[in-house]
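Enquirer: What follows is a structure written as structure tokens; I'll ask about it next.
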Amino acid sequence: MPLPIETPAVLVDLEIAKRNIERFQAYADEHGIRVRPHIKTHKLPQMAELQLEAGAVGITCQKVTEAEAMVEGSDRIKDVLITYNILGEAKMARLERLNGRVALAVVADSDTVIDGLAGHFAGKDKPIRVLVECNTGADRCGVASPAEAARLASQIEDAKGLVFGGLMTYPPVNGEAKVQAFMSEAKRLIEADGIAVPVITSGGTPSMMHAAGAPVASEYRPGTYIYNDRSLVSRGVASWDECALTVVATVVSVPSETRAIIDAGSKVLTSDLLGLTGYGHVLGRDDIRIDQLSEEHGRLVTDGPINLKVGDQLRIVPNHACVVTNMVDAVHIVEGDTLKDTWPIVARGRVL
């Protein structure tokens, strides 16, 4: 029976999300790992509160505005790490206000970022914690060597207004050995300079159930695990019944026996492929491929009869759940086929 909502819409099954939270928290507790989930996947204070209730020590954000929205949305969020190089006086002023409200930390991988933070926070009532970001193989941000990590740690420690907070990395999938080697050496060099390393934080959902393979890391930052998506099912780390987020779409045209059109295009399913073919998985219809998107249309094709009619509703697991969250103003909370509530995405799309 169709849900009583306008489509396309994003659904989140709350019970599945809770099970996903509890599954990794149990693994982390067993191995003595602190959990600091990345809220970029859900951007919802309510979901962050469920993660904190399960045992998370705080949250991870990617933008200052995300952190602001989450802190404003819940008085239970008290500890925030922003895993992004932050530049510019306007953002520094926002950081300062946040730093006065919660336990806040940021990251840096260059003299320029450290100097900018120190230039603002020197002489302020409360210093800001800064972690050195390290490249352990994902080749995004991060210093390239343990020696460079140690040099920046010393620079942070000596800077007025800053406190060295530890080391951070976003590793490659199955990169536990690289994390262990890099971070162990960086920790040794920093401690040899007489500086404590309070936290070593790693992250990434695809490898989260192997996080204990890098015991040097005291903290882990999974994001997509709360919802899962087609990319994670394709990696074998989740199943379809562990995918909490789906896009519900309506068939608006059936122009041939092997082709149908839905009202979900790139504005909700996104153009992310993540190495996959097609733009999502239609639950219960393994034979259907979503092979094309325009802004408002998605094209469904099969090799045989498509057996759909205009007005049918379909649920689709997107390739990448995190981006889908950012495409809509709200998600519909469901339990199975029952609509329970609608939650605004409070940390969505804020770019100030």
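Residue numbering restarts at 1 in every chain; chains get A, B, ... in the order shown in the structure tokens, and ligands count up from 1 in that same order.
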Please report, as a VMD selection string, each residue of stretch 49-258 of chain A to which DSSP assigns alpha helix (DSSP H) when run on this structure's backbone.

Expert: chain A and resid 49 to 54 64 to 73 89 to 99 111 to 121 146 to 158 176 to 192 230 to 235

Enquirer: Once DSSP has gone over the backbone, tell me which residues of stretch 110-338 of chain A are in strand (DSSP E), as number ranges by chain.

Expert: A: 128-134, 162-169, 199-203, 219-221, 245-256, 259-262, 281-282, 289-293, 298-301, 313-317, 330-335, 338

Enquirer: Tell me which protein, DNA and RNA residues are within 12 Å of stretch 303-312 of chain A, counting only C-alpha atoms, leaving out same-chain ones fewer than 2 positions away, and put them as a compact mmCIF listing (two decimals) with N, CA, C and O atoms, in the first residue's frame.

Expert:
```txt
# COMPACT_ATOMS: atom_id res chain seq x y z
N MET A 1 0.86 -1.20 0.00
CA MET A 1 0.00 0.00 0.00
C MET A 1 0.89 1.24 0.00
O MET A 1 1.81 1.34 0.81
N PRO A 2 0.62 2.24 -0.88
CA PRO A 2 1.47 3.43 -0.93
C PRO A 2 1.45 4.21 0.37
O PRO A 2 0.42 4.28 1.06
N LEU A 3 2.59 4.78 0.73
CA LEU A 3 2.66 5.63 1.90
C LEU A 3 1.97 6.97 1.60
O LEU A 3 2.04 7.47 0.47
N GLU A 6 4.06 12.78 -0.30
CA GLU A 6 4.41 13.18 -1.65
C GLU A 6 5.78 12.62 -2.00
O GLU A 6 6.69 12.60 -1.17
N THR A 7 5.92 12.15 -3.21
CA THR A 7 7.21 11.61 -3.66
C THR A 7 7.83 12.53 -4.69
O THR A 7 7.12 13.34 -5.32
N VAL A 248 11.70 6.80 -1.61
CA VAL A 248 10.46 6.29 -2.16
C VAL A 248 10.09 7.14 -3.37
O VAL A 248 10.14 8.37 -3.33
N ALA A 249 9.80 6.48 -4.48
CA ALA A 249 9.51 7.16 -5.74
C ALA A 249 8.24 6.56 -6.35
O ALA A 249 7.88 5.41 -6.07
N THR A 250 7.61 7.35 -7.20
CA THR A 250 6.39 6.91 -7.88
C THR A 250 6.66 6.73 -9.37
O THR A 250 7.34 7.55 -9.99
N VAL A 251 6.13 5.66 -9.92
CA VAL A 251 6.20 5.45 -11.36
C VAL A 251 5.25 6.44 -12.03
O VAL A 251 4.05 6.47 -11.73
N VAL A 252 5.80 7.27 -12.92
CA VAL A 252 4.98 8.30 -13.58
C VAL A 252 4.74 8.00 -15.06
O VAL A 252 3.90 8.65 -15.69
N SER A 253 5.48 7.01 -15.60
CA SER A 253 5.29 6.66 -17.01
C SER A 253 5.82 5.25 -17.23
O SER A 253 6.84 4.87 -16.65
N VAL A 254 5.09 4.49 -18.07
CA VAL A 254 5.57 3.17 -18.50
C VAL A 254 5.47 3.15 -20.02
O VAL A 254 4.51 2.61 -20.61
N PRO A 255 6.44 3.74 -20.69
CA PRO A 255 6.34 3.91 -22.14
C PRO A 255 6.63 2.65 -22.95
O PRO A 255 6.38 2.64 -24.16
N SER A 256 7.18 1.60 -22.32
CA SER A 256 7.39 0.35 -23.05
C SER A 256 7.37 -0.81 -22.06
O SER A 256 7.38 -0.61 -20.84
N GLU A 257 7.38 -2.02 -22.59
CA GLU A 257 7.33 -3.20 -21.72
C GLU A 257 8.58 -3.37 -20.88
O GLU A 257 8.57 -4.07 -19.87
N THR A 258 9.69 -2.75 -21.30
CA THR A 258 10.96 -2.93 -20.59
C THR A 258 11.48 -1.63 -19.97
O THR A 258 12.61 -1.59 -19.50
N ARG A 259 10.67 -0.58 -19.95
CA ARG A 259 11.14 0.71 -19.46
C ARG A 259 10.05 1.43 -18.69
O ARG A 259 8.88 1.41 -19.07
N ALA A 260 10.44 2.05 -17.57
CA ALA A 260 9.52 2.88 -16.79
C ALA A 260 10.27 4.11 -16.30
O ALA A 260 11.51 4.12 -16.22
N ILE A 261 9.52 5.14 -15.95
CA ILE A 261 10.10 6.39 -15.47
C ILE A 261 9.55 6.69 -14.08
O ILE A 261 8.33 6.59 -13.86
N ILE A 262 10.44 7.05 -13.17
CA ILE A 262 10.03 7.43 -11.82
C ILE A 262 10.27 8.92 -11.60
O ILE A 262 11.02 9.56 -12.34
N ASP A 263 9.67 9.45 -10.53
CA ASP A 263 9.78 10.88 -10.24
C ASP A 263 10.99 11.21 -9.36
O ASP A 263 11.03 12.26 -8.72
N ARG A 285 13.31 -5.91 -6.48
CA ARG A 285 13.36 -6.03 -7.94
C ARG A 285 14.81 -6.02 -8.41
O ARG A 285 15.31 -5.04 -8.96
N ASP A 286 15.48 -7.14 -8.19
CA ASP A 286 16.88 -7.25 -8.60
C ASP A 286 17.04 -7.14 -10.12
O ASP A 286 18.15 -6.88 -10.61
N ASP A 287 15.95 -7.34 -10.85
CA ASP A 287 16.05 -7.30 -12.32
C ASP A 287 16.04 -5.90 -12.88
O ASP A 287 16.36 -5.69 -14.06
N ILE A 288 15.68 -4.91 -12.06
CA ILE A 288 15.57 -3.53 -12.56
C ILE A 288 16.89 -2.79 -12.39
O ILE A 288 17.54 -2.89 -11.35
N ARG A 289 17.27 -2.03 -13.42
CA ARG A 289 18.43 -1.14 -13.36
C ARG A 289 17.96 0.30 -13.51
O ARG A 289 17.12 0.60 -14.38
N ARG A 299 15.27 6.68 -15.00
CA ARG A 299 14.84 5.67 -15.98
C ARG A 299 15.13 4.28 -15.46
O ARG A 299 16.27 3.96 -15.10
N LEU A 300 14.11 3.44 -15.42
CA LEU A 300 14.22 2.05 -15.00
C LEU A 300 14.12 1.17 -16.23
O LEU A 300 13.21 1.34 -17.05
N VAL A 301 15.04 0.21 -16.35
CA VAL A 301 15.01 -0.71 -17.49
C VAL A 301 15.21 -2.13 -17.00
O VAL A 301 15.80 -2.38 -15.95
N LEU A 314 7.89 2.70 -5.37
CA LEU A 314 9.06 1.83 -5.22
C LEU A 314 9.97 2.42 -4.15
O LEU A 314 10.05 3.64 -3.99
N ARG A 315 10.68 1.54 -3.45
CA ARG A 315 11.71 1.99 -2.51
C ARG A 315 13.08 1.67 -3.08
O ARG A 315 13.33 0.54 -3.52
```

Enquirer: Which residue out of A:Gln62, A:Gln51, A:Asn20, A:Ser207 has the minimum interatomic distance to A:Ala347 when only C-alpha atoms are used?

Expert: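 Among the listed residues, A:Gln62 lies closest to A:Ala347.
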
Enquirer: Write out as a ChimeraX atom specification each polymer residue whose atoms come within 12 Å of A:Gly265, counting only C-alpha atoms; drop sequence neighbours fewer than 5 positions from it.

Expert: /A:7-9,247-251,270-272,279-280,290-300,316,318,324,327

Enquirer: Please provide the set of residues having any atom within 9 Å of stretch 138-153 of chain A, restricted to only C-alpha atoms, with same-chain residues fewer than 2 positions apart removed, written as a CSV table (one decimal) with N, CA, C and O atoms, in the first residue's frame.

Expert:
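Wrote it out as around27.csv, contents follow:
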```
chain,number,residue,atom,x,y,z
A,84,TYR,N,38.3,19.1,9.4
A,84,TYR,CA,38.5,19.9,8.2
A,84,TYR,C,39.4,21.1,8.5
A,84,TYR,O,39.3,21.7,9.5
A,85,ASN,N,40.3,21.4,7.5
A,85,ASN,CA,41.2,22.6,7.7
A,85,ASN,C,40.3,23.8,7.6
A,85,ASN,O,39.7,24.0,6.6
A,108,ALA,N,44.5,20.3,11.6
A,108,ALA,CA,45.4,21.0,10.7
A,108,ALA,C,46.4,20.2,10.2
A,108,ALA,O,46.8,19.2,10.8
A,109,ASP,N,46.9,20.5,8.9
A,109,ASP,CA,48.0,19.7,8.3
A,109,ASP,C,49.0,20.6,7.7
A,109,ASP,O,49.8,20.2,6.8
A,110,SER,N,49.0,21.9,8.1
A,110,SER,CA,50.0,22.9,7.5
A,110,SER,C,50.3,24.0,8.5
A,110,SER,O,49.4,24.3,9.4
A,111,ASP,N,51.4,24.6,8.3
A,111,ASP,CA,51.7,25.8,9.1
A,111,ASP,C,50.7,26.9,8.9
A,111,ASP,O,50.3,27.6,9.9
A,114,ILE,N,47.6,26.3,11.1
A,114,ILE,CA,47.9,26.5,12.5
A,114,ILE,C,48.1,27.9,12.8
A,114,ILE,O,47.6,28.4,13.9
A,130,VAL,N,43.7,21.3,18.8
A,130,VAL,CA,44.0,21.1,17.4
A,130,VAL,C,44.7,19.7,17.3
A,130,VAL,O,45.7,19.5,17.9
A,131,LEU,N,44.2,18.9,16.4
A,131,LEU,CA,44.8,17.6,16.1
A,131,LEU,C,45.5,17.7,14.7
A,131,LEU,O,45.1,18.5,13.8
A,132,VAL,N,46.6,17.0,14.6
A,132,VAL,CA,47.3,17.0,13.3
A,132,VAL,C,46.7,15.9,12.4
A,132,VAL,O,46.6,14.7,12.8
A,133,GLU,N,46.3,16.3,11.2
A,133,GLU,CA,45.7,15.3,10.3
A,133,GLU,C,46.9,14.6,9.6
A,133,GLU,O,47.8,15.3,9.1
A,134,CYS,N,46.8,13.3,9.4
A,134,CYS,CA,47.8,12.5,8.8
A,134,CYS,C,47.3,11.7,7.6
A,134,CYS,O,46.2,11.2,7.7
A,135,ASN,N,48.1,11.6,6.6
A,135,ASN,CA,47.7,10.8,5.4
A,135,ASN,C,48.3,9.4,5.6
A,135,ASN,O,49.5,9.2,5.4
A,136,THR,N,47.4,8.5,5.8
A,136,THR,CA,47.8,7.1,6.0
A,136,THR,C,47.5,6.3,4.8
A,136,THR,O,47.4,5.0,4.9
A,155,GLN,N,54.6,22.5,17.0
A,155,GLN,CA,54.2,23.9,16.7
A,155,GLN,C,52.9,24.3,17.4
A,155,GLN,O,52.8,25.4,17.9
A,156,ILE,N,52.0,23.3,17.4
A,156,ILE,CA,50.7,23.6,18.1
A,156,ILE,C,50.9,23.7,19.6
A,156,ILE,O,50.4,24.6,20.2
A,157,GLU,N,51.8,22.9,20.1
A,157,GLU,CA,52.0,22.9,21.6
A,157,GLU,C,52.6,24.2,22.0
A,157,GLU,O,52.3,24.7,23.1
A,158,ASP,N,53.4,24.8,21.1
A,158,ASP,CA,54.1,26.1,21.5
A,158,ASP,C,53.3,27.3,21.2
A,158,ASP,O,53.6,28.4,21.6
A,164,PHE,N,47.5,21.1,21.8
A,164,PHE,CA,47.7,19.9,21.0
A,164,PHE,C,46.7,18.8,21.4
A,164,PHE,O,46.7,18.4,22.6
A,165,GLY,N,45.8,18.4,20.5
A,165,GLY,CA,44.8,17.4,20.9
A,165,GLY,C,45.0,16.0,20.5
A,165,GLY,O,44.3,15.1,20.9
A,166,GLY,N,46.0,15.7,19.6
A,166,GLY,CA,46.3,14.4,19.2
A,166,GLY,C,46.4,14.3,17.7
A,166,GLY,O,46.8,15.3,17.0
A,167,LEU,N,46.2,13.1,17.1
A,167,LEU,CA,46.4,12.8,15.7
A,167,LEU,C,45.1,12.3,15.1
A,167,LEU,O,44.3,11.6,15.8
A,168,MET,N,44.8,12.6,13.8
A,168,MET,CA,43.6,12.2,13.1
A,168,MET,C,44.0,11.7,11.7
A,168,MET,O,44.9,12.2,11.1
A,169,THR,N,43.2,10.7,11.3
A,169,THR,CA,43.4,10.2,9.9
A,169,THR,C,42.1,9.7,9.4
A,169,THR,O,41.2,9.3,10.1
A,170,TYR,N,41.9,9.9,8.0
A,170,TYR,CA,40.9,9.2,7.3
A,170,TYR,C,41.6,8.2,6.4
A,170,TYR,O,42.2,8.6,5.4
A,171,PRO,N,41.6,6.9,6.8
A,171,PRO,CA,42.5,6.0,6.1
A,171,PRO,C,41.9,5.4,4.9
A,171,PRO,O,40.6,5.5,4.7
A,172,PRO,N,42.6,4.7,4.1
A,172,PRO,CA,42.1,3.9,3.0
A,172,PRO,C,41.3,2.7,3.5
A,172,PRO,O,41.5,2.3,4.7
A,173,VAL,N,40.4,2.2,2.7
A,173,VAL,CA,39.7,1.0,3.1
A,173,VAL,C,40.7,-0.2,3.4
A,173,VAL,O,41.6,-0.4,2.6
A,175,GLY,N,42.9,-0.3,5.6
A,175,GLY,CA,44.2,0.3,5.8
A,175,GLY,C,44.7,0.3,7.2
A,175,GLY,O,45.5,1.1,7.6
A,182,PHE,N,52.0,4.2,10.7
A,182,PHE,CA,52.2,5.6,10.7
A,182,PHE,C,52.0,6.3,12.1
A,182,PHE,O,52.8,7.0,12.6
A,183,MET,N,50.8,5.9,12.7
A,183,MET,CA,50.5,6.6,13.9
A,183,MET,C,51.4,6.1,15.1
A,183,MET,O,51.7,7.0,16.0
A,184,SER,N,51.8,4.9,15.1
A,184,SER,CA,52.8,4.5,16.1
A,184,SER,C,54.1,5.2,16.1
A,184,SER,O,54.6,5.7,17.1
A,185,GLU,N,54.6,5.4,14.9
A,185,GLU,CA,55.8,6.2,14.7
A,185,GLU,C,55.6,7.7,15.1
A,185,GLU,O,56.4,8.3,15.7
A,186,ALA,N,54.5,8.2,14.6
A,186,ALA,CA,54.2,9.6,14.9
A,186,ALA,C,54.1,9.8,16.4
A,186,ALA,O,54.6,10.8,17.0
A,187,LYS,N,53.4,8.9,17.1
A,187,LYS,CA,53.2,9.0,18.5
A,187,LYS,C,54.6,8.9,19.2
A,187,LYS,O,54.8,9.7,20.2
A,188,ARG,N,55.4,8.0,18.8
A,188,ARG,CA,56.7,7.8,19.4
A,188,ARG,C,57.5,9.1,19.3
A,188,ARG,O,58.2,9.6,20.3
A,189,LEU,N,57.5,9.7,18.1
A,189,LEU,CA,58.3,11.0,17.9
A,189,LEU,C,57.8,12.1,18.7
A,189,LEU,O,58.5,12.9,19.3
A,190,ILE,N,56.5,12.2,18.8
A,190,ILE,CA,55.9,13.3,19.6
A,190,ILE,C,56.1,13.2,21.1
A,190,ILE,O,56.5,14.1,21.8
A,191,GLU,N,56.0,12.0,21.6
A,191,GLU,CA,56.3,11.7,23.0
A,191,GLU,C,57.7,11.9,23.3
A,191,GLU,O,58.1,12.3,24.4
A,193,ASP,N,59.5,14.2,22.2
A,193,ASP,CA,59.6,15.6,22.4
A,193,ASP,C,59.0,16.1,23.7
A,193,ASP,O,58.9,17.3,24.0
A,195,ILE,N,55.7,15.6,24.6
A,195,ILE,CA,54.4,16.0,24.4
A,195,ILE,C,53.4,14.8,24.4
A,195,ILE,O,53.7,13.8,23.7
```

Enquirer: Excluding same-chain residues fewer than 5 positions from A:Gly275, what lies within 10 Å of it counting only C-alpha atoms, as a PyMOL selection string?

Expert: chain A and resi 231+234+319

Enquirer: Which is closest to A:Ser154 among A:Ala264, A:Ala67, A:Val197, A:Val113, if we use only C-alpha atoms?

Expert: A:Val197

Enquirer: Restricting the calculation to only C-alpha atoms, which member of A:Ala48, A:Leu98, A:Ile200, A:Ala192 is positioned closest to A:Glu219?

Expert: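 Smallest distance to A:Glu219 is found for A:Ile200.
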
Enquirer: Residues near A:Ala214, anyone? I mean within 10 Å using only C-alpha atoms, not counting same-chain ones fewer than 4 positions away, as a list of chain:residue names.

Expert: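 Final neighbour list, sorted by chain and number: A:Gly175, A:Glu176, A:Ala177, A:Lys178, A:Val179, A:Gln180, A:Ala181, A:Met183, A:Ser184, A:Ser202, A:His210, A:Ser218.
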